[in-house]
file input_31.cif (mmCIF, C-alpha atoms)
data_entry
#
loop_
_atom_site.label_atom_id
_atom_site.label_comp_id
_atom_site.auth_asym_id
_atom_site.auth_seq_id
_atom_site.Cartn_x
_atom_site.Cartn_y
_atom_site.Cartn_z
CA MET A 1 135.66 86.82 60.57
CA ALA A 2 138.34 84.12 61.03
CA GLU A 3 141.75 84.62 62.56
CA LYS A 4 145.20 83.25 61.81
CA ILE A 5 148.09 83.13 64.30
CA ARG A 6 151.62 84.07 63.22
CA GLU A 7 154.49 83.30 65.62
CA LEU A 8 156.17 86.36 67.14
CA LEU A 9 158.21 84.78 69.96
CA SER A 10 159.06 81.07 70.01
CA GLU A 11 158.52 78.76 72.97
CA GLU A 12 162.31 78.63 73.42
CA GLU A 13 162.66 82.43 73.41
CA VAL A 14 159.92 82.76 76.02
CA ALA A 15 161.41 80.05 78.26
CA ARG A 16 164.88 81.63 78.05
CA ARG A 17 163.52 85.07 78.97
CA VAL A 18 161.45 83.71 81.87
CA GLN A 19 164.66 82.18 83.28
CA GLU A 20 166.50 85.50 82.88
CA LEU A 21 163.71 87.34 84.71
CA ALA A 22 163.75 84.74 87.50
CA ASP A 23 167.53 85.13 87.83
CA GLN A 24 167.13 88.90 88.18
CA ILE A 25 164.31 88.54 90.74
CA ASN A 26 166.30 85.93 92.67
CA GLY A 27 169.17 88.40 92.96
CA ASP A 28 166.92 91.28 93.99
CA TYR A 29 165.08 89.28 96.68
CA ASP A 30 167.93 87.09 97.91
CA GLY A 31 167.38 86.18 101.57
CA ARG A 32 163.81 87.51 101.61
CA GLU A 33 160.36 86.02 101.21
CA LEU A 34 158.22 87.04 98.26
CA THR A 35 154.47 87.19 97.70
CA VAL A 36 153.73 86.64 94.03
CA VAL A 37 150.35 87.95 92.87
CA GLY A 38 149.33 86.56 89.50
CA ILE A 39 146.62 88.32 87.55
CA LEU A 40 143.96 85.93 86.26
CA LYS A 41 143.40 84.55 83.75
CA GLY A 42 146.14 85.63 81.40
CA ALA A 43 149.12 85.57 83.72
CA VAL A 44 148.56 82.05 85.09
CA PHE A 45 150.97 80.36 82.69
CA PHE A 46 153.69 83.01 83.11
CA THR A 47 153.22 83.19 86.89
CA CYS A 48 153.66 79.43 87.27
CA GLU A 49 156.68 79.24 84.95
CA LEU A 50 158.31 82.17 86.76
CA ALA A 51 157.54 80.85 90.26
CA LYS A 52 159.08 77.45 89.46
CA ARG A 53 162.39 79.24 88.87
CA LEU A 54 162.39 81.41 92.00
CA THR A 55 164.73 80.29 94.77
CA MET A 56 163.41 82.25 97.76
CA PRO A 57 160.37 81.23 99.84
CA VAL A 58 157.33 82.19 97.72
CA THR A 59 153.71 82.69 98.69
CA MET A 60 151.35 82.79 95.71
CA ASP A 61 147.96 84.42 95.39
CA PHE A 62 145.80 85.49 92.49
CA MET A 63 143.51 88.34 91.56
CA ALA A 64 141.07 88.63 88.69
CA VAL A 65 140.95 92.15 87.30
CA SER A 66 139.42 93.21 84.03
CA SER A 67 139.25 96.20 81.74
CA TYR A 68 138.61 94.32 78.49
CA GLY A 69 135.44 92.23 78.49
CA SER A 70 135.39 90.22 75.25
CA GLY A 71 136.88 92.89 72.98
CA THR A 72 140.41 93.70 71.91
CA GLU A 73 140.47 97.27 73.29
CA SER A 74 140.64 98.31 76.94
CA SER A 75 137.39 99.82 78.19
CA GLY A 76 139.32 102.04 80.62
CA SER A 77 137.04 100.89 83.43
CA VAL A 78 138.74 98.50 85.87
CA LYS A 79 136.77 95.90 87.78
CA ILE A 80 138.10 93.61 90.54
CA ILE A 81 136.47 90.23 90.02
CA LYS A 82 138.52 88.26 92.59
CA ASP A 83 140.52 89.85 95.38
CA LEU A 84 143.51 88.42 97.25
CA ASP A 85 142.92 85.64 99.77
CA LEU A 86 146.01 86.49 101.84
CA PRO A 87 147.04 89.74 103.58
CA ILE A 88 150.05 91.56 102.07
CA GLU A 89 150.77 94.09 104.83
CA GLY A 90 154.52 94.25 105.51
CA ARG A 91 155.32 91.80 102.69
CA ASP A 92 157.41 92.11 99.53
CA VAL A 93 154.89 91.81 96.70
CA LEU A 94 155.52 91.07 93.03
CA ILE A 95 152.54 91.60 90.74
CA VAL A 96 152.85 89.30 87.72
CA GLU A 97 150.94 90.23 84.58
CA ASP A 98 150.86 88.74 81.09
CA ILE A 99 150.84 92.04 79.20
CA ILE A 100 150.75 95.75 79.91
CA ASP A 101 148.91 97.60 77.20
CA SER A 102 147.01 100.80 78.07
CA GLY A 103 148.25 100.68 81.67
CA TYR A 104 144.77 101.25 83.14
CA THR A 105 144.54 97.91 84.90
CA LEU A 106 148.02 97.89 86.42
CA SER A 107 147.93 101.54 87.43
CA TYR A 108 144.65 100.95 89.26
CA LEU A 109 145.77 97.64 90.75
CA LYS A 110 149.10 98.95 92.07
CA SER A 111 147.36 101.89 93.75
CA PHE A 112 144.68 99.54 95.14
CA LEU A 113 147.27 97.19 96.66
CA GLU A 114 149.55 99.97 98.00
CA LYS A 115 146.72 100.92 100.36
CA ARG A 116 147.28 97.56 102.09
CA GLU A 117 150.76 98.70 103.13
CA PRO A 118 153.07 96.06 101.66
CA LYS A 119 156.77 96.40 102.46
CA SER A 120 157.42 96.77 98.73
CA ILE A 121 155.48 96.29 95.54
CA ARG A 122 157.01 95.66 92.12
CA LEU A 123 155.62 94.76 88.73
CA CYS A 124 156.70 91.96 86.39
CA THR A 125 155.18 91.52 82.96
CA LEU A 126 155.87 89.03 80.22
CA LEU A 127 154.97 91.53 77.49
CA ASN A 128 155.00 95.32 77.41
CA LYS A 129 153.40 97.54 74.77
CA PRO A 130 154.62 101.01 75.76
CA GLU A 131 153.34 102.72 72.60
CA ARG A 132 149.77 101.89 73.69
CA ARG A 133 150.29 103.35 77.16
CA VAL A 134 147.63 105.78 78.31
CA LYS A 135 148.63 105.66 81.99
CA LYS A 136 152.28 106.73 81.68
CA GLU A 137 153.06 106.29 85.38
CA VAL A 138 153.04 102.49 85.23
CA ALA A 139 156.61 101.56 86.14
CA VAL A 140 157.59 98.09 84.98
CA ASP A 141 160.32 96.61 87.18
CA TYR A 142 160.78 93.35 85.25
CA GLU A 143 159.93 93.16 81.55
CA GLY A 144 160.04 90.02 79.46
CA PHE A 145 159.66 91.51 75.99
CA CYS A 146 158.79 94.92 74.59
CA ILE A 147 156.50 94.26 71.64
CA PRO A 148 154.89 96.32 68.88
CA ASP A 149 151.24 97.37 68.95
CA GLN A 150 149.75 94.14 67.63
CA PHE A 151 147.15 91.87 69.17
CA VAL A 152 148.93 88.82 70.60
CA VAL A 153 147.93 85.45 72.05
CA GLY A 154 149.61 82.44 73.65
CA CYS A 155 151.37 81.73 76.94
CA GLY A 156 148.14 82.70 78.71
CA LEU A 157 147.05 85.58 76.48
CA ASP A 158 143.77 85.09 74.68
CA TYR A 159 141.49 86.31 71.97
CA ASP A 160 137.90 85.85 73.16
CA GLN A 161 139.12 83.14 75.61
CA LYS A 162 140.89 81.13 72.88
CA TYR A 163 144.62 80.45 72.26
CA ARG A 164 145.84 80.78 75.88
CA ASN A 165 147.36 77.30 75.59
CA LEU A 166 149.75 78.13 72.74
CA PRO A 167 153.34 77.59 73.97
CA TYR A 168 154.58 80.60 71.98
CA ILE A 169 153.49 84.24 71.55
CA GLY A 170 151.62 84.76 68.31
CA ILE A 171 150.15 87.73 66.48
CA VAL A 172 146.47 87.46 65.62
CA GLU A 173 145.88 88.22 61.98
CA PHE A 174 142.20 88.71 61.20
CA GLU A 175 140.99 87.37 57.87
CA ARG A 176 137.86 88.73 56.26
#

call {"tool": "encode", "arguments": {"input": "input_31.cif", "output": "structure tokens"}}
result
Amino acid sequence: MAEKIRELLSEEEVARRVQELADQINGDYDGRELTVVGILKGAVFFTCELAKRLTMPVTMDFMAVSSYGSGTESSGSVKIIKDLDLPIEGRDVLIVEDIIDSGYTLSYLKSFLEKREPKSIRLCTLLNKPERRVKKEVAVDYEGFCIPDQFVVGCGLDYDQKYRNLPYIGIVEFER
């Protein structure tokens, strides 16, 4: 089965929205330090683009968390592959994710990190698919785009580890 990619959000639209999110975060955290936690691998591109636009002192760390494997559907089972290197106790933490789909991963991750007693913990995602949400309690503080229930790639998102490098968000159309 081959796949074709159809553009959903252009490179320019994504860049403009990342700047708008950074402006909002800059206002919310003015005069404070921020620990940005990017979720590997998908959020690397978005995390870096966002962090370049933040004006407060930023500490960056990464976690690898999975609930997908090589498929296109969440397994519902969350696994921490790489934990934080730095402590977050007493710090303002911003979790940065590429996409929130079922909500399993972020619901688990937020609860997991709250046990480390950060000063605050907020969630920023480039893409949000609320109609796929199974874990309704996932509160998104900063949302790039709300998108329909379609499988997307680009800007760090992948299909079987491919297409992360696309500078735009595209919909995967499977050809038979």

call {"tool": "closest_residue", "arguments": {"input": "input_31.cif", "among": "A:Lys82, A:Lys41, A:Arg32, A:Arg16", "to": "Arg164 in chain A", "atoms": "only C-alpha atoms"}}
result
A:Lys41

call {"tool": "residues_around", "arguments": {"input": "input_31.cif", "residues": "Gly38 in chain A", "least_positions_apart": "2", "cutoff": "10 Å", "atoms": "all atoms listed in the file", "output": "list in words"}}
result
Thr35, Val36, Leu40, Lys41, Gly42, Ala43, Val44, Phe45, Phe46, Thr47, Cys48, Met60, Asp61, Phe62, Met63, Ala64, Leu84, Leu94, Ile95, Val96, Glu97, Asp98 and Cys124 of chain A

call {"tool": "write_last_selection", "arguments": {"input": "input_31.cif", "atoms": "C-alpha atoms", "output": "mmCIF file, keeping the file's coordinate frame"}}
result
data_model
loop_
_atom_site.group_PDB
_atom_site.id
_atom_site.type_symbol
_atom_site.label_atom_id
_atom_site.label_comp_id
_atom_site.auth_asym_id
_atom_site.auth_seq_id
_atom_site.Cartn_x
_atom_site.Cartn_y
_atom_site.Cartn_z
ATOM 1 C CA THR A 35 154.470 87.190 97.700
ATOM 2 C CA VAL A 36 153.730 86.640 94.030
ATOM 3 C CA LEU A 40 143.960 85.930 86.260
ATOM 4 C CA LYS A 41 143.400 84.550 83.750
ATOM 5 C CA GLY A 42 146.140 85.630 81.400
ATOM 6 C CA ALA A 43 149.120 85.570 83.720
ATOM 7 C CA VAL A 44 148.560 82.050 85.090
ATOM 8 C CA PHE A 45 150.970 80.360 82.690
ATOM 9 C CA PHE A 46 153.690 83.010 83.110
ATOM 10 C CA THR A 47 153.220 83.190 86.890
ATOM 11 C CA CYS A 48 153.660 79.430 87.270
ATOM 12 C CA MET A 60 151.350 82.790 95.710
ATOM 13 C CA ASP A 61 147.960 84.420 95.390
ATOM 14 C CA PHE A 62 145.800 85.490 92.490
ATOM 15 C CA MET A 63 143.510 88.340 91.560
ATOM 16 C CA ALA A 64 141.070 88.630 88.690
ATOM 17 C CA LEU A 84 143.510 88.420 97.250
ATOM 18 C CA LEU A 94 155.520 91.070 93.030
ATOM 19 C CA ILE A 95 152.540 91.600 90.740
ATOM 20 C CA VAL A 96 152.850 89.300 87.720
ATOM 21 C CA GLU A 97 150.940 90.230 84.580
ATOM 22 C CA ASP A 98 150.860 88.740 81.090
ATOM 23 C CA CYS A 124 156.700 91.960 86.390
#

call {"tool": "atom_distance", "arguments": {"input": "input_31.cif", "atom1": "CA of Tyr104 in chain A", "atom2": "CA of Val138 in chain A"}}
result
8.6 Å

call {"tool": "atom_distance", "arguments": {"input": "input_31.cif", "atom1": "CA of Tyr159 in chain A", "atom2": "CA of Ser66 in chain A"}}
result
14.0 Å

call {"tool": "resolve_selection", "arguments": {"input": "input_31.cif", "expression": "the PyMOL selection byres ((chain A and resi 5-7) around 8)", "output": "ChimeraX atom specification"}}
result
/A:3-4,8-10,168-173

call {"tool": "residues_around", "arguments": {"input": "input_31.cif", "residues": "Glu89 in chain A", "least_positions_apart": "4", "cutoff": "9 Å", "atoms": "all atoms listed in the file", "output": "number ranges by chain"}}
result
A: 116-119

call {"tool": "closest_residue", "arguments": {"input": "input_31.cif", "among": "A:Val152, A:Leu50, A:Leu166, A:Leu34", "to": "Ile121 in chain A", "atoms": "all atoms listed in the file"}}
result
A:Leu34

call {"tool": "atom_distance", "arguments": {"input": "input_31.cif", "atom1": "CA of Thr55 in chain A", "atom2": "CA of Val18 in chain A"}}
result
13.7 Å

call {"tool": "residues_around", "arguments": {"input": "input_31.cif", "residues": "Leu127 in chain A", "least_positions_apart": "4", "cutoff": "8 Å", "atoms": "only C-alpha atoms", "output": "MDAnalysis selection string"}}
result
chainID A and resid 98:100 143:147

call {"tool": "decode", "arguments": {"input": "input_31.cif", "residues": "range 12-23 of chain A", "atoms": "N, CA and C atoms", "output": "compact mmCIF listing (two decimals), in the first residue's frame"}}
result
# COMPACT_ATOMS: atom_id res chain seq x y z
N GLU A 12 3.93 28.43 5.88
CA GLU A 12 3.70 29.80 6.34
C GLU A 12 2.63 29.86 7.43
N GLU A 13 1.56 29.10 7.28
CA GLU A 13 0.51 29.05 8.30
C GLU A 13 1.06 28.52 9.62
N VAL A 14 1.87 27.47 9.53
CA VAL A 14 2.45 26.87 10.74
C VAL A 14 3.38 27.87 11.42
N ALA A 15 4.26 28.51 10.65
CA ALA A 15 5.21 29.48 11.22
C ALA A 15 4.47 30.64 11.90
N ARG A 16 3.43 31.13 11.26
CA ARG A 16 2.65 32.25 11.82
C ARG A 16 2.00 31.83 13.15
N ARG A 17 1.45 30.62 13.18
CA ARG A 17 0.78 30.16 14.41
C ARG A 17 1.78 29.89 15.53
N VAL A 18 2.96 29.37 15.19
CA VAL A 18 4.00 29.15 16.21
C VAL A 18 4.38 30.49 16.84
N GLN A 19 4.49 31.54 16.04
CA GLN A 19 4.81 32.87 16.57
C GLN A 19 3.69 33.36 17.49
N GLU A 20 2.45 33.16 17.09
CA GLU A 20 1.32 33.58 17.92
C GLU A 20 1.31 32.84 19.27
N LEU A 21 1.60 31.54 19.23
CA LEU A 21 1.68 30.78 20.48
C LEU A 21 2.81 31.30 21.37
N ALA A 22 3.97 31.56 20.76
CA ALA A 22 5.11 32.09 21.52
C ALA A 22 4.75 33.43 22.14
N ASP A 23 4.07 34.29 21.41
CA ASP A 23 3.65 35.59 21.95
C ASP A 23 2.76 35.41 23.17
